[in-house]
Amino acid sequence: SARVLAAADLLDALYWQRDVELLRIGLFDVSERTPLPETLRELCVVAEVILEAAVQQALREEGQREGVPGARYGGALCVVGLGKLGSRALNYASDLDIVFVYDAQAFPEAERGVAQSFYSRVVRRVTDLLATARERGTLYQIDLRLRPHGSKSTLAVSLDELKHYFGNEAQFWERLAVTRSRILFEPQSELGRRVTRVLEDFAFPKALLDAAAQTREIRARVVAHAAKTDLKRAAGGLHDVEFLVEFLQLKHAAKLPSLRQPGMFEALEACRAER
């Protein structure tokens with residue numbers, strides 16, 4: 001059908017764009033023509049462009065399936081990036097840590113169950129498009145486990161569910177993770193701003209007991225399971241820097257908004273400026 005053919009054409013275009021951009025970025029990287037932070041940010045831009053195209057395609061296909069305009073549902077959907085993607089420090093082999101959040105209040109109460117099912121199918125389509133192994137490999141591996149309740153939850157979560165989870169059930173390590181979160185598409189939209197407020201209120205509380213002790217405990221568990229040759233997780237590795245920055249953000253960002261930086265390099269610079 002025309003719809004299937006269009007989807008196949010899109011897939012070819014996404015592979016082509018990713019491969020061309022990775023080649024360009026890689027050549028500039030190995031020739032040391034771009035600094036490391038710029039290389040990692042460019043890898044994020046490529047992933048975000050491809051992810052946005054996949055989301056729009058999924059919205060169109062599900063909209064056609066349901067006989068509703070995909071744009072109607074698209075305006076109530078927000079995609080949150082976390083981990084390396086959220087921190088603008090993606091490497092060549094990174095998974096994309098994302099959470100799909102939708103605004104249930106945008107729909108009449110009688111339609112909210114339909115909306116929830118719609119968004120879950122959208123997420124499944126996005127995952128299938130990007131993470132299915134084909135002759136040319138996968139486009140990107142998608143990790144949805146950072147959503148509330150992880151794999152036990154629906155694939156897309158409502159903003160109300162996110163707020164309730166953060167306020168009543170979330171664990172300390174999730175605060176650390178959310179310091180690296182950001183809205184990927186249209187962050188200045190009304191929904192984008194609302195989701196950002198929920199994320200920031202959780203990640204940067206005005207008061208938090210035992211933050212230092214809990215951060216050290218989590219770090220100790222990571223070190224205990226890391227090989228001494230693991231430059232990322234072993235003592236003195238990259239994770240030490242990340243944990244330190246995240247702790248400083250948890251402790252001070254409520255009073256110092258300049259520290260509310262999801263990007264690791266930007267957060268390091270903000271901490272240096274506020275020292």
# chains A, B, ... in the order shown; residues from 1 in each chain; ligands from 1
$ select_by_dssp --residues "stretch 16-200 of chain A" --states "strand (DSSP E or B)" --output "PDB file with N, CA and C atoms, in the first residue's frame"
ATOM      1  N   LEU A  77       1.627  14.970  23.376  1.00  0.00           N
ATOM      2  CA  LEU A  77       2.697  14.010  23.646  1.00  0.00           C
ATOM      3  C   LEU A  77       4.023  14.727  23.837  1.00  0.00           C
ATOM      4  N   CYS A  78       4.770  14.280  24.820  1.00  0.00           N
ATOM      5  CA  CYS A  78       6.077  14.874  25.125  1.00  0.00           C
ATOM      6  C   CYS A  78       7.100  13.746  25.248  1.00  0.00           C
ATOM      7  N   VAL A  79       8.252  13.918  24.623  1.00  0.00           N
ATOM      8  CA  VAL A  79       9.297  12.904  24.674  1.00  0.00           C
ATOM      9  C   VAL A  79      10.445  13.431  25.538  1.00  0.00           C
ATOM     10  N   VAL A  80      10.774  12.699  26.583  1.00  0.00           N
ATOM     11  CA  VAL A  80      11.822  13.090  27.529  1.00  0.00           C
ATOM     12  C   VAL A  80      13.061  12.245  27.278  1.00  0.00           C
ATOM     13  N   GLY A  81      14.190  12.898  27.106  1.00  0.00           N
ATOM     14  CA  GLY A  81      15.460  12.201  26.971  1.00  0.00           C
ATOM     15  C   GLY A  81      16.187  12.147  28.298  1.00  0.00           C
ATOM     16  N   LEU A  82      16.800  11.012  28.608  1.00  0.00           N
ATOM     17  CA  LEU A  82      17.579  10.847  29.836  1.00  0.00           C
ATOM     18  C   LEU A  82      18.915  10.217  29.486  1.00  0.00           C
ATOM     19  N   LEU A  96      19.259   4.912  23.397  1.00  0.00           N
ATOM     20  CA  LEU A  96      18.489   6.126  23.629  1.00  0.00           C
ATOM     21  C   LEU A  96      17.563   5.885  24.811  1.00  0.00           C
ATOM     22  N   ASP A  97      17.851   6.532  25.936  1.00  0.00           N
ATOM     23  CA  ASP A  97      16.996   6.434  27.124  1.00  0.00           C
ATOM     24  C   ASP A  97      15.902   7.484  26.998  1.00  0.00           C
ATOM     25  N   ILE A  98      14.662   7.050  26.835  1.00  0.00           N
ATOM     26  CA  ILE A  98      13.572   7.991  26.633  1.00  0.00           C
ATOM     27  C   ILE A  98      12.336   7.568  27.417  1.00  0.00           C
ATOM     28  N   VAL A  99      11.517   8.559  27.734  1.00  0.00           N
ATOM     29  CA  VAL A  99      10.226   8.332  28.375  1.00  0.00           C
ATOM     30  C   VAL A  99       9.187   9.134  27.597  1.00  0.00           C
ATOM     31  N   PHE A 100       8.093   8.483  27.257  1.00  0.00           N
ATOM     32  CA  PHE A 100       6.998   9.136  26.540  1.00  0.00           C
ATOM     33  C   PHE A 100       5.932   9.542  27.558  1.00  0.00           C
ATOM     34  N   VAL A 101       5.657  10.843  27.606  1.00  0.00           N
ATOM     35  CA  VAL A 101       4.684  11.382  28.552  1.00  0.00           C
ATOM     36  C   VAL A 101       3.566  12.059  27.763  1.00  0.00           C
ATOM     37  N   TYR A 102       2.330  11.746  28.099  1.00  0.00           N
ATOM     38  CA  TYR A 102       1.207  12.391  27.413  1.00  0.00           C
ATOM     39  C   TYR A 102       0.301  13.080  28.434  1.00  0.00           C
ATOM     40  N   ARG A 134      17.805  -5.247  11.139  1.00  0.00           N
ATOM     41  CA  ARG A 134      17.606  -5.460   9.705  1.00  0.00           C
ATOM     42  C   ARG A 134      18.965  -5.702   9.063  1.00  0.00           C
ATOM     43  N   GLY A 137      21.429  -3.375  10.118  1.00  0.00           N
ATOM     44  CA  GLY A 137      21.508  -3.236  11.564  1.00  0.00           C
ATOM     45  C   GLY A 137      20.312  -2.481  12.107  1.00  0.00           C
ATOM     46  N   ILE A 142      16.529   1.303  21.825  1.00  0.00           N
ATOM     47  CA  ILE A 142      15.686   2.155  22.653  1.00  0.00           C
ATOM     48  C   ILE A 142      15.555   1.533  24.042  1.00  0.00           C
ATOM     49  N   ASP A 143      15.754   2.343  25.071  1.00  0.00           N
ATOM     50  CA  ASP A 143      15.615   1.876  26.454  1.00  0.00           C
ATOM     51  C   ASP A 143      14.507   2.702  27.113  1.00  0.00           C
ATOM     52  N   ALA A 156       3.667   4.302  27.496  1.00  0.00           N
ATOM     53  CA  ALA A 156       3.557   5.754  27.623  1.00  0.00           C
ATOM     54  C   ALA A 156       2.860   6.050  28.950  1.00  0.00           C
ATOM     55  N   VAL A 157       3.332   7.068  29.663  1.00  0.00           N
ATOM     56  CA  VAL A 157       2.752   7.399  30.967  1.00  0.00           C
ATOM     57  C   VAL A 157       2.127   8.784  30.901  1.00  0.00           C
ATOM     58  N   SER A 158       1.042   8.965  31.635  1.00  0.00           N
ATOM     59  CA  SER A 158       0.402  10.277  31.671  1.00  0.00           C
ATOM     60  C   SER A 158       1.195  11.212  32.579  1.00  0.00           C
ATOM     61  N   ARG A 182      15.729  16.021  29.855  1.00  0.00           N
ATOM     62  CA  ARG A 182      15.301  17.227  29.140  1.00  0.00           C
ATOM     63  C   ARG A 182      14.241  16.846  28.112  1.00  0.00           C
ATOM     64  N   ILE A 183      13.432  17.833  27.745  1.00  0.00           N
ATOM     65  CA  ILE A 183      12.415  17.640  26.721  1.00  0.00           C
ATOM     66  C   ILE A 183      13.111  17.710  25.367  1.00  0.00           C
TER      67      ILE A 183
END
$ residues_around --residues "stretch 220-225 of chain A" --least-positions-apart "6" --cutoff "9 Å" --atoms "only C-alpha atoms" --output "list in words"
Arg233, Ala234, Ala235 and His239 of chain A
$ residues_around --residues "A:Asp201" --least-positions-apart "2" --cutoff "10 Å" --atoms "only C-alpha atoms" --output "PyMOL selection string"
chain A and resi 163+166-167+175+195-199+203-206+254
$ residues_around --residues "A:Arg272" --least-positions-apart "5" --cutoff "10 Å" --atoms "only C-alpha atoms" --output "PyMOL selection string"
chain A and resi 259+266-267
$ residues_around --residues "A:Ser94" --least-positions-apart "4" --cutoff "9 Å" --atoms "only C-alpha atoms" --output "PyMOL selection string"
chain A and resi 84-85+90+140-141
$ residues_around --residues "A:Ala76" --least-positions-apart "6" --cutoff "8 Å" --atoms "only C-alpha atoms" --output "PyMOL selection string"
chain A and resi 102-104+106+191
$ write_last_selection --atoms "N, CA, C and O atoms" --output "compact mmCIF listing (two decimals), in the first residue's frame"
# COMPACT_ATOMS: atom_id res chain seq x y z
N TYR A 102 2.33 11.75 28.10
CA TYR A 102 1.21 12.39 27.41
C TYR A 102 0.30 13.08 28.43
O TYR A 102 0.31 12.75 29.62
N ASP A 103 -0.46 14.04 27.95
CA ASP A 103 -1.35 14.83 28.81
C ASP A 103 -2.75 14.25 28.76
O ASP A 103 -3.52 14.53 27.83
N ALA A 104 -3.10 13.45 29.74
CA ALA A 104 -4.44 12.84 29.77
C ALA A 104 -5.53 13.88 29.90
O ALA A 104 -6.66 13.69 29.44
N ALA A 106 -5.85 16.49 28.33
CA ALA A 106 -6.20 17.07 27.03
C ALA A 106 -7.39 16.36 26.40
O ALA A 106 -7.90 16.80 25.36
N LEU A 191 2.89 22.15 27.03
CA LEU A 191 3.10 20.84 27.65
C LEU A 191 4.56 20.64 28.01
O LEU A 191 4.88 20.12 29.08
$ select_by_dssp --residues "stretch 182-231 of chain A" --states "helix (DSSP H, G or I)" --output "list in words"
Glu190, Leu191, Gly192, Arg193, Arg194, Val195, Thr196, Arg197, Val198, Leu199, Glu200, Asp201, Phe202, Ala203, Ala211, Ala212, Ala213, Gln214, Thr215, Arg216, Glu217, Ile218, Arg219, Ala220, Arg221, Val222, Val223 and Ala224 of chain A
$ atom_distance --atom1 "atom CA of A:Thr154" --atom2 "atom CA of A:Ala115"
12.1 Å
$ atom_distance --atom1 "atom CA of A:Leu40" --atom2 "atom CA of A:Thr127"
22.6 Å
